[in-house]
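Peer 1: Structure file coords_37.pdb (PDB, C-alpha atoms) right here:
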MODEL        1
ATOM      1  CA  MET A  13     -23.701  19.858  -0.028
ATOM      2  CA  ILE A  14     -20.772  22.146   0.722
ATOM      3  CA  PHE A  15     -20.028  20.976   4.281
ATOM      4  CA  GLN A  16     -17.547  18.134   4.593
ATOM      5  CA  LEU A  17     -18.564  15.228   6.802
ATOM      6  CA  GLY A  18     -15.842  13.266   8.547
ATOM      7  CA  GLY A  19     -15.485   9.558   9.283
ATOM      8  CA  THR A  20     -17.321   9.507  12.599
ATOM      9  CA  LEU A  21     -20.401  11.164  11.172
ATOM     10  CA  LEU A  22     -20.362   8.614   8.360
ATOM     11  CA  ASP A  23     -20.387   5.836  10.991
ATOM     12  CA  ALA A  24     -23.265   7.587  12.738
ATOM     13  CA  CYS A  25     -25.274   7.884   9.495
ATOM     14  CA  VAL A  26     -24.784   4.195   8.655
ATOM     15  CA  LEU A  27     -25.892   3.164  12.149
ATOM     16  CA  ALA A  28     -28.885   5.499  11.999
ATOM     17  CA  VAL A  29     -30.083   4.082   8.655
ATOM     18  CA  LEU A  30     -29.668   0.518   9.937
ATOM     19  CA  ASN A  31     -31.471   1.434  13.145
ATOM     20  CA  GLN A  32     -34.609   1.987  11.047
ATOM     21  CA  GLU A  33     -34.397  -1.313   9.144
ATOM     22  CA  ASP A  34     -31.977  -3.992   8.029
ATOM     23  CA  THR A  35     -30.768  -3.382   4.516
ATOM     24  CA  TYR A  36     -28.067  -4.314   1.990
ATOM     25  CA  GLY A  37     -25.064  -2.488   0.584
ATOM     26  CA  TYR A  38     -26.676  -0.848  -2.450
ATOM     27  CA  VAL A  39     -29.682   0.628  -0.639
ATOM     28  CA  LEU A  40     -27.554   1.652   2.326
ATOM     29  CA  THR A  41     -25.149   3.462   0.021
ATOM     30  CA  GLN A  42     -27.982   5.327  -1.722
ATOM     31  CA  ARG A  43     -29.498   6.374   1.613
ATOM     32  CA  VAL A  44     -26.186   7.647   2.974
ATOM     33  CA  ARG A  45     -25.420   9.406  -0.310
ATOM     34  CA  GLU A  46     -28.540  11.494   0.152
ATOM     35  CA  ILE A  47     -26.751  13.400   2.896
ATOM     36  CA  VAL A  48     -23.020  12.658   2.591
ATOM     37  CA  ASP A  49     -21.030  13.154  -0.592
ATOM     38  CA  ILE A  50     -19.229   9.807  -0.808
ATOM     39  CA  SER A  51     -18.355   7.666  -3.803
ATOM     40  CA  GLU A  52     -20.430   4.527  -4.230
ATOM     41  CA  SER A  53     -17.667   2.166  -3.141
ATOM     42  CA  THR A  54     -16.820   3.994   0.090
ATOM     43  CA  LEU A  55     -19.143   2.178   2.467
ATOM     44  CA  TYR A  56     -17.599  -1.285   2.374
ATOM     45  CA  PRO A  57     -14.557  -0.414   4.539
ATOM     46  CA  VAL A  58     -16.888   1.430   6.936
ATOM     47  CA  LEU A  59     -19.260  -1.545   7.187
ATOM     48  CA  ARG A  60     -16.352  -3.925   7.619
ATOM     49  CA  ARG A  61     -14.915  -1.855  10.460
ATOM     50  CA  LEU A  62     -18.297  -1.463  12.209
ATOM     51  CA  GLN A  63     -18.861  -5.203  11.859
ATOM     52  CA  LYS A  64     -15.452  -6.012  13.364
ATOM     53  CA  ASP A  65     -16.200  -3.617  16.204
ATOM     54  CA  GLY A  66     -19.351  -5.627  16.914
ATOM     55  CA  CYS A  67     -21.787  -2.850  15.953
ATOM     56  CA  LEU A  68     -23.245  -4.786  13.007
ATOM     57  CA  THR A  69     -24.021  -8.354  12.042
ATOM     58  CA  THR A  70     -24.827  -9.697   8.589
ATOM     59  CA  TYR A  71     -27.101 -12.316   7.117
ATOM     60  CA  ASP A  72     -27.653 -13.438   3.550
ATOM     61  CA  GLU A  73     -30.929 -13.671   1.700
ATOM     62  CA  PRO A  74     -31.314 -15.120  -1.775
ATOM     63  CA  TYR A  75     -32.610 -12.729  -4.410
ATOM     64  CA  GLN A  76     -33.070 -13.656  -8.075
ATOM     65  CA  GLY A  77     -30.552 -16.479  -7.937
ATOM     66  CA  ARG A  78     -27.866 -14.553  -6.094
ATOM     67  CA  ASN A  79     -27.259 -13.256  -2.615
ATOM     68  CA  ARG A  80     -28.099 -10.049  -0.877
ATOM     69  CA  ARG A  81     -26.073  -9.477   2.263
ATOM     70  CA  TYR A  82     -28.179  -7.641   4.810
ATOM     71  CA  TYR A  83     -26.677  -5.625   7.636
ATOM     72  CA  ARG A  84     -28.337  -5.490  11.049
ATOM     73  CA  ILE A  85     -27.474  -3.190  13.942
ATOM     74  CA  THR A  86     -26.508  -4.864  17.250
ATOM     75  CA  GLU A  87     -27.147  -3.687  20.819
ATOM     76  CA  LEU A  88     -23.579  -2.380  20.910
ATOM     77  CA  GLY A  89     -24.279  -0.515  17.683
ATOM     78  CA  LYS A  90     -27.423   1.026  19.173
ATOM     79  CA  ASN A  91     -25.450   2.174  22.210
ATOM     80  CA  ARG A  92     -22.872   3.740  19.979
ATOM     81  CA  LEU A  93     -25.572   5.431  17.904
ATOM     82  CA  ASP A  94     -27.073   6.902  21.083
ATOM     83  CA  SER A  95     -23.743   8.363  22.150
ATOM     84  CA  TYR A  96     -23.229   9.754  18.622
ATOM     85  CA  LYS A  97     -26.678  11.340  18.790
ATOM     86  CA  SER A  98     -26.012  13.140  22.053
ATOM     87  CA  GLU A  99     -22.546  14.238  20.830
ATOM     88  CA  TRP A 100     -24.197  15.518  17.656
ATOM     89  CA  THR A 101     -26.833  17.486  19.576
ATOM     90  CA  ASP A 102     -24.109  19.157  21.686
ATOM     91  CA  TYR A 103     -22.085  19.960  18.613
ATOM     92  CA  LYS A 104     -25.063  21.229  16.624
ATOM     93  CA  ASP A 105     -26.113  23.544  19.473
ATOM     94  CA  LYS A 106     -22.629  25.014  19.691
ATOM     95  CA  VAL A 107     -22.435  25.553  15.925
ATOM     96  CA  ASP A 108     -25.897  27.169  15.995
ATOM     97  CA  GLN A 109     -24.789  29.512  18.769
ATOM     98  CA  VAL A 110     -21.792  30.703  16.785
ATOM     99  CA  LEU A 111     -23.228  30.585  13.297
ATOM    100  CA  LEU A 112     -26.766  31.809  13.934
ATOM    101  CA  GLY A 113     -25.803  34.219  16.742
ATOM    102  CA  GLY A 114     -27.732  32.759  19.660
ATOM    103  CA  LYS A 115     -26.867  33.941  23.163
ATOM    104  CA  ARG A 116     -24.220  32.173  25.192
ATOM    105  CA  GLY A 117     -25.063  30.184  28.284
ATOM    106  CA  GLU A 118     -28.756  29.821  27.581
TER     107      GLU A 118
ATOM    108  CA  MET B  30     -12.139   0.523 -16.197
ATOM    109  CA  ASN B  31     -15.125  -1.838 -16.172
ATOM    110  CA  ARG B  32     -16.439  -3.832 -13.216
ATOM    111  CA  TYR B  33     -14.254  -6.870 -13.955
ATOM    112  CA  GLU B  34     -11.097  -4.779 -14.010
ATOM    113  CA  PHE B  35     -12.276  -3.076 -10.834
ATOM    114  CA  ILE B  36     -12.723  -6.437  -9.067
ATOM    115  CA  GLY B  37      -9.422  -7.708 -10.485
ATOM    116  CA  GLU B  38      -7.467  -4.712  -9.188
ATOM    117  CA  LEU B  39      -9.167  -4.955  -5.804
ATOM    118  CA  ARG B  40      -8.313  -8.651  -5.557
ATOM    119  CA  ASN B  41      -4.738  -7.919  -6.525
ATOM    120  CA  ARG B  42      -4.322  -5.184  -3.930
ATOM    121  CA  LEU B  43      -5.877  -7.257  -1.138
ATOM    122  CA  LYS B  44      -3.594 -10.238  -1.784
ATOM    123  CA  ARG B  45      -2.011  -9.873   1.645
ATOM    124  CA  LEU B  46      -5.296 -10.463   3.470
ATOM    125  CA  PRO B  47      -6.624 -13.904   4.406
ATOM    126  CA  ALA B  48      -8.548 -15.508   1.528
ATOM    127  CA  GLU B  49     -11.976 -15.247   3.166
ATOM    128  CA  GLU B  50     -11.541 -11.512   3.812
ATOM    129  CA  GLN B  51     -10.627 -10.957   0.169
ATOM    130  CA  GLN B  52     -13.651 -12.946  -0.906
ATOM    131  CA  GLU B  53     -15.996 -10.972   1.353
ATOM    132  CA  ALA B  54     -14.820  -7.679  -0.118
ATOM    133  CA  ILE B  55     -15.184  -9.024  -3.660
ATOM    134  CA  ASN B  56     -18.648 -10.461  -2.903
ATOM    135  CA  TYR B  57     -19.754  -7.061  -1.606
ATOM    136  CA  TYR B  58     -18.740  -5.261  -4.798
ATOM    137  CA  GLU B  59     -20.065  -8.019  -7.091
ATOM    138  CA  GLU B  60     -23.395  -7.727  -5.296
ATOM    139  CA  TYR B  61     -23.233  -3.939  -5.491
ATOM    140  CA  PHE B  62     -22.566  -3.926  -9.252
ATOM    141  CA  ASP B  63     -25.405  -6.431  -9.760
ATOM    142  CA  GLU B  64     -27.805  -4.247  -7.759
ATOM    143  CA  ALA B  65     -26.717  -1.138  -9.632
ATOM    144  CA  ALA B  66     -27.151  -3.063 -12.915
ATOM    145  CA  ILE B  67     -23.591  -2.262 -13.939
ATOM    146  CA  GLY B  68     -22.436  -4.538 -16.747
ATOM    147  CA  TYR B  69     -19.460  -4.666 -19.098
ATOM    148  CA  ALA B  70     -19.465  -0.973 -19.904
ATOM    149  CA  PRO B  71     -16.741   1.245 -18.424
ATOM    150  CA  ILE B  72     -17.766   2.556 -15.003
ATOM    151  CA  ASN B  73     -17.540   6.149 -13.911
ATOM    152  CA  LEU B  74     -14.694   6.146 -11.405
ATOM    153  CA  ASN B  75     -15.691   9.547 -10.071
ATOM    154  CA  GLU B  76     -19.014   8.084  -8.977
ATOM    155  CA  ILE B  77     -17.854   4.621  -7.974
ATOM    156  CA  GLY B  78     -14.443   5.430  -6.526
ATOM    157  CA  ARG B  79     -11.134   3.684  -7.064
ATOM    158  CA  PRO B  80     -10.247   0.155  -5.911
ATOM    159  CA  ALA B  81      -6.840   1.447  -4.773
ATOM    160  CA  VAL B  82      -8.482   3.779  -2.264
ATOM    161  CA  ILE B  83     -10.746   1.035  -0.892
ATOM    162  CA  ALA B  84      -7.868  -1.437  -0.632
ATOM    163  CA  SER B  85      -5.721   1.160   1.163
ATOM    164  CA  GLU B  86      -8.496   1.800   3.655
ATOM    165  CA  ILE B  87      -9.035  -1.915   4.333
ATOM    166  CA  LEU B  88      -5.321  -2.651   4.702
ATOM    167  CA  ALA B  89      -4.887   0.305   7.063
ATOM    168  CA  GLN B  90      -7.784  -0.955   9.221
ATOM    169  CA  THR B  91      -6.236  -4.399   9.313
ATOM    170  CA  ALA B  92      -2.884  -2.977  10.376
ATOM    171  CA  ILE B  93      -4.445  -0.922  13.177
ATOM    172  CA  ARG B  94      -6.444  -3.894  14.417
ATOM    173  CA  HIS B  95      -3.305  -6.023  14.306
ATOM    174  CA  VAL B  96      -1.371  -3.625  16.530
ATOM    175  CA  GLU B  97      -4.302  -3.232  18.921
ATOM    176  CA  THR B  98      -4.784  -6.989  19.244
ATOM    177  CA  TYR B  99      -1.149  -7.993  19.780
ATOM    178  CA  PRO B 100       0.524  -4.804  21.011
ATOM    179  CA  LYS B 101       3.719  -6.398  22.291
ATOM    180  CA  SER B 102       4.677  -8.961  19.709
ATOM    181  CA  PRO B 103       7.522  -7.713  17.496
ATOM    182  CA  LYS B 104       6.405 -10.150  14.812
ATOM    183  CA  SER B 105       2.949  -8.583  14.597
ATOM    184  CA  ASN B 106       4.514  -5.117  14.593
ATOM    185  CA  ALA B 107       6.705  -6.056  11.662
ATOM    186  CA  SER B 108       3.732  -7.305   9.661
ATOM    187  CA  ALA B 109       1.639  -4.291  10.703
ATOM    188  CA  ILE B 110       4.421  -1.993   9.473
ATOM    189  CA  GLY B 111       4.451  -3.956   6.240
ATOM    190  CA  LEU B 112       0.680  -3.524   5.870
ATOM    191  CA  ILE B 113       0.890   0.189   6.602
ATOM    192  CA  ILE B 114       3.604   0.643   3.970
ATOM    193  CA  VAL B 115       1.519  -1.264   1.418
ATOM    194  CA  ALA B 116      -1.565   0.754   2.414
ATOM    195  CA  ILE B 117       0.292   4.044   1.913
ATOM    196  CA  LEU B 118       1.948   2.945  -1.320
ATOM    197  CA  GLY B 119      -1.395   1.671  -2.623
ATOM    198  CA  ALA B 120      -3.025   5.085  -2.366
ATOM    199  CA  PRO B 121      -3.031   6.993  -5.652
ATOM    200  CA  ILE B 122      -1.258   9.989  -4.118
ATOM    201  CA  ALA B 123       1.547   7.734  -2.955
ATOM    202  CA  PHE B 124       3.865   7.798  -5.944
ATOM    203  CA  PRO B 125       5.684  11.045  -5.066
ATOM    204  CA  LEU B 126       5.799   9.842  -1.470
ATOM    205  CA  ALA B 127       7.405   6.565  -2.480
ATOM    206  CA  LEU B 128       9.900   8.454  -4.631
ATOM    207  CA  ALA B 129      10.841  10.674  -1.683
ATOM    208  CA  LEU B 130      11.214   7.618   0.552
ATOM    209  CA  VAL B 131      13.569   5.943  -1.913
ATOM    210  CA  ALA B 132      15.575   9.181  -2.245
ATOM    211  CA  VAL B 133      15.895   9.500   1.537
ATOM    212  CA  VAL B 134      17.044   5.898   1.902
ATOM    213  CA  CYS B 135      19.615   6.322  -0.902
ATOM    214  CA  ALA B 136      20.920   9.554   0.646
ATOM    215  CA  LEU B 137      21.209   7.868   4.029
ATOM    216  CA  ILE B 138      23.150   4.934   2.610
ATOM    217  CA  ALA B 139      25.456   7.323   0.686
ATOM    218  CA  ALA B 140      26.086   9.424   3.805
ATOM    219  CA  ILE B 141      26.898   6.414   5.966
ATOM    220  CA  GLY B 142      29.148   5.056   3.220
ATOM    221  CA  ALA B 143      31.012   8.376   2.957
ATOM    222  CA  VAL B 144      31.615   8.528   6.709
ATOM    223  CA  VAL B 145      32.898   4.950   6.796
ATOM    224  CA  LEU B 146      35.155   5.568   3.795
ATOM    225  CA  ALA B 147      36.590   8.760   5.362
ATOM    226  CA  LEU B 148      37.251   6.889   8.594
ATOM    227  CA  CYS B 149      39.059   4.092   6.797
ATOM    228  CA  LEU B 150      41.212   6.541   4.784
ATOM    229  CA  THR B 151      42.114   8.454   7.962
ATOM    230  CA  ILE B 152      43.214   5.246   9.617
ATOM    231  CA  VAL B 153      45.298   4.193   6.610
ATOM    232  CA  ALA B 154      46.964   7.628   6.526
ATOM    233  CA  LEU B 155      47.616   7.488  10.251
ATOM    234  CA  GLY B 156      49.193   4.027   9.948
ATOM    235  CA  ILE B 157      51.409   5.004   7.019
ATOM    236  CA  SER B 158      52.633   8.184   8.715
ATOM    237  CA  GLY B 159      53.281   6.184  11.887
ATOM    238  CA  VAL B 160      55.517   3.731  10.055
ATOM    239  CA  ALA B 161      57.281   6.572   8.198
ATOM    240  CA  MET B 162      57.955   8.433  11.468
ATOM    241  CA  LEU B 163      59.319   5.244  13.028
ATOM    242  CA  VAL B 164      61.854   4.945  10.191
ATOM    243  CA  VAL B 165      62.798   8.650  10.427
ATOM    244  CA  GLY B 166      63.082   8.359  14.234
ATOM    245  CA  PHE B 167      65.586   5.493  14.034
ATOM    246  CA  ILE B 168      67.665   7.364  11.430
ATOM    247  CA  LYS B 169      67.644  10.540  13.570
ATOM    248  CA  LEU B 170      68.521   8.536  16.694
ATOM    249  CA  ALA B 171      72.142   8.264  15.575
ATOM    250  CA  VAL B 172      72.527  12.013  14.833
ATOM    251  CA  GLU B 173      70.180  13.735  17.314
ATOM    252  CA  PRO B 174      69.059  11.227  19.955
ATOM    253  CA  ALA B 175      66.406  13.536  21.551
ATOM    254  CA  THR B 176      64.653  14.277  18.241
ATOM    255  CA  GLY B 177      64.861  10.596  17.339
ATOM    256  CA  VAL B 178      63.165   9.556  20.573
ATOM    257  CA  VAL B 179      60.340  12.104  20.068
ATOM    258  CA  PHE B 180      59.738  10.801  16.545
ATOM    259  CA  ILE B 181      59.752   7.183  17.675
ATOM    260  CA  GLY B 182      57.323   8.015  20.487
ATOM    261  CA  MET B 183      54.887   9.783  18.172
ATOM    262  CA  ALA B 184      55.206   6.930  15.685
ATOM    263  CA  MET B 185      54.237   4.450  18.427
ATOM    264  CA  LEU B 186      51.233   6.611  19.364
ATOM    265  CA  PHE B 187      49.989   6.733  15.724
ATOM    266  CA  ILE B 188      50.476   3.014  15.201
ATOM    267  CA  GLY B 189      48.726   2.272  18.500
ATOM    268  CA  ILE B 190      45.661   4.382  17.566
ATOM    269  CA  THR B 191      45.568   2.729  14.126
ATOM    270  CA  LEU B 192      45.565  -0.765  15.619
ATOM    271  CA  LEU B 193      42.856   0.169  18.140
ATOM    272  CA  VAL B 194      40.542   1.610  15.485
ATOM    273  CA  ILE B 195      41.102  -1.401  13.232
ATOM    274  CA  VAL B 196      39.924  -3.636  16.089
ATOM    275  CA  VAL B 197      36.824  -1.448  16.575
ATOM    276  CA  ILE B 198      35.978  -1.537  12.838
ATOM    277  CA  GLN B 199      36.458  -5.289  12.783
ATOM    278  CA  GLN B 200      34.058  -5.686  15.719
ATOM    279  CA  LEU B 201      31.518  -3.433  14.012
ATOM    280  CA  LEU B 202      31.677  -5.479  10.828
ATOM    281  CA  THR B 203      31.388  -8.848  12.536
ATOM    282  CA  ARG B 204      28.730  -7.926  15.124
ATOM    283  CA  ALA B 205      26.694  -4.819  14.277
ATOM    284  CA  LEU B 206      26.392  -5.343  10.528
ATOM    285  CA  PRO B 207      24.889  -8.861  10.703
ATOM    286  CA  THR B 208      22.368  -7.569  13.282
ATOM    287  CA  VAL B 209      21.263  -4.783  10.943
ATOM    288  CA  ILE B 210      21.078  -7.118   7.946
ATOM    289  CA  TYR B 211      19.163  -9.678  10.006
ATOM    290  CA  GLY B 212      16.698  -7.013  11.151
ATOM    291  CA  VAL B 213      16.048  -5.741   7.627
ATOM    292  CA  ARG B 214      15.677  -9.270   6.296
ATOM    293  CA  ASN B 215      13.301 -10.093   9.133
ATOM    294  CA  ILE B 216      10.871  -7.336   8.117
ATOM    295  CA  LEU B 217      11.131  -8.061   4.388
ATOM    296  CA  GLY B 218      11.196 -11.848   4.745
ATOM    297  CA  HIS B 219       8.156 -11.864   6.987
ATOM    298  CA  ASN B 220       6.143  -9.859   4.469
ATOM    299  CA  LYS B 221       7.105 -12.142   1.625
ATOM    300  CA  LYS B 222       5.888 -15.143   3.578
ATOM    301  CA  GLU B 223       2.531 -13.447   4.114
ATOM    302  CA  GLU B 224       2.181 -12.583   0.454
ATOM    303  CA  LYS B 225       2.529 -16.207  -0.570
ATOM    304  CA  ARG B 226      -0.288 -17.286   1.693
TER     305      ARG B 226
ENDMDL
END
Take the structure from the file and write it as structure tokens.
Peer 2:
Amino acid sequence: MIFQLGGTLLDACVLAVLNQEDTYGYVLTQRVREIVDISESTLYPVLRRLQKDGCLTTYDEPYQGRNRRYYRITELGKNRLDSYKSEWTDYKDKVDQVLLGGKRGE
Amino acid sequence: MNRYEFIGELRNRLKRLPAEEQQEAINYYEEYFDEAAIGYAPINLNEIGRPAVIASEILAQTAIRHVETYPKSPKSNASAIGLIIVAILGAPIAFPLALALVAVVCALIAAIGAVVLALCLTIVALGISGVAMLVVGFIKLAVEPATGVVFIGMAMLFIGITLLVIVVIQQLLTRALPTVIYGVRNILGHNKKEEKR
């Protein structure tokens, strides 16, 4: 992917994946890496920040004698995801207008 | 670098955080390496990323949160500044930046030192010439009273300025300098205390 994605879009992607189902760090990272070119260790600071902001909670589940820490989106997180979605739609429309040559004001 | 060195470096760089925060970060990466079935073999840092970058990011977040939570406490500002400096210095690109910072500080100290030295020398010269003119004035007084009086007057002026400036310098040394030293020690001392925790 040649387009660079910034921090906010990364937040939005994490929230969107978690909005579908609760999951743990490894799977979350793989899902986000499908669309954003990040290194595998990048998500922890993002998750930590979203958790401190109250957008995520965590719970542990045992798996093969060790723990998996699952992340779950909160109501606040869902609200934030909604506002990201509408911002994204606005932005995408504007980019389409310029890049694909649509008409202004339609 | 293998996963154990990765965890070790991360732990080392997060030393300034509370113990449970360090542990949570380490647990996350231990779990991640387990899930990815990464063992003793060296890991590909281009894929995984560097612990220094992660630690920088976490420390920067902590500093920002600190300032936002207690905006008006100078103590929290000092420790936030400390965290920010550590966060910047921890980043891999930081070495040239740190070098530049040290150079700037050295240049600043040298410049201040030069100004102070020049001031002191000027005052010494002024004092010496004042005393010399006083002597000349008294000698001239017998031969040419008017010239003698002018010399004595100028001598008094020089000596007066010298004494005044000496008082100012003395005040600066006894009052301003301890304040500066105290301030610097406050920032550094506070950080040291946090590191030990």
Peer 1: For the PyMOL selection byres ((chain B) within 12 of (chain A)), applied here, can you spell out every residue it catches as a PyMOL selection string?
Peer 2: chain B and resi 32+35-36+39+50-51+53-67+72-91+93-94
Peer 1: Expand the PyMOL selection byres ((chain A and resi 87) around 12) into the individual residues it matches in the shown file, reporting them as a PyMOL selection string.
Peer 2: chain A and resi 27+30-31+65-69+84-86+88-94
Peer 1: How many Å separate CA of Val145 in chain B from CA of Leu163 in chain B?
Peer 2: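 Going from CA of Val145 in chain B over to CA of Leu163 in chain B covers 27.1 Å.
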Peer 1: Starting from the PyMOL selection byres ((chain B and resi 187) around 12), expand the selection into actual residues of this file and give them as JSON, numbers by chain.
Peer 2: {"B": [151, 152, 153, 154, 155, 156, 157, 158, 159, 160, 161, 162, 163, 180, 181, 182, 183, 184, 185, 186, 188, 189, 190, 191, 192, 193, 194]}
Peer 1: What is the CA of Val209 in chain B-CA of Ala147 in chain B distance in Å, reported with one decimal?
Peer 2: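 Answer for the CA of Val209 in chain B to CA of Ala147 in chain B separation: 21.2 Å.
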Peer 1: What is the CA of Gln63 in chain A to CA of His95 in chain B distance in Å?
Peer 2: 15.8 Å
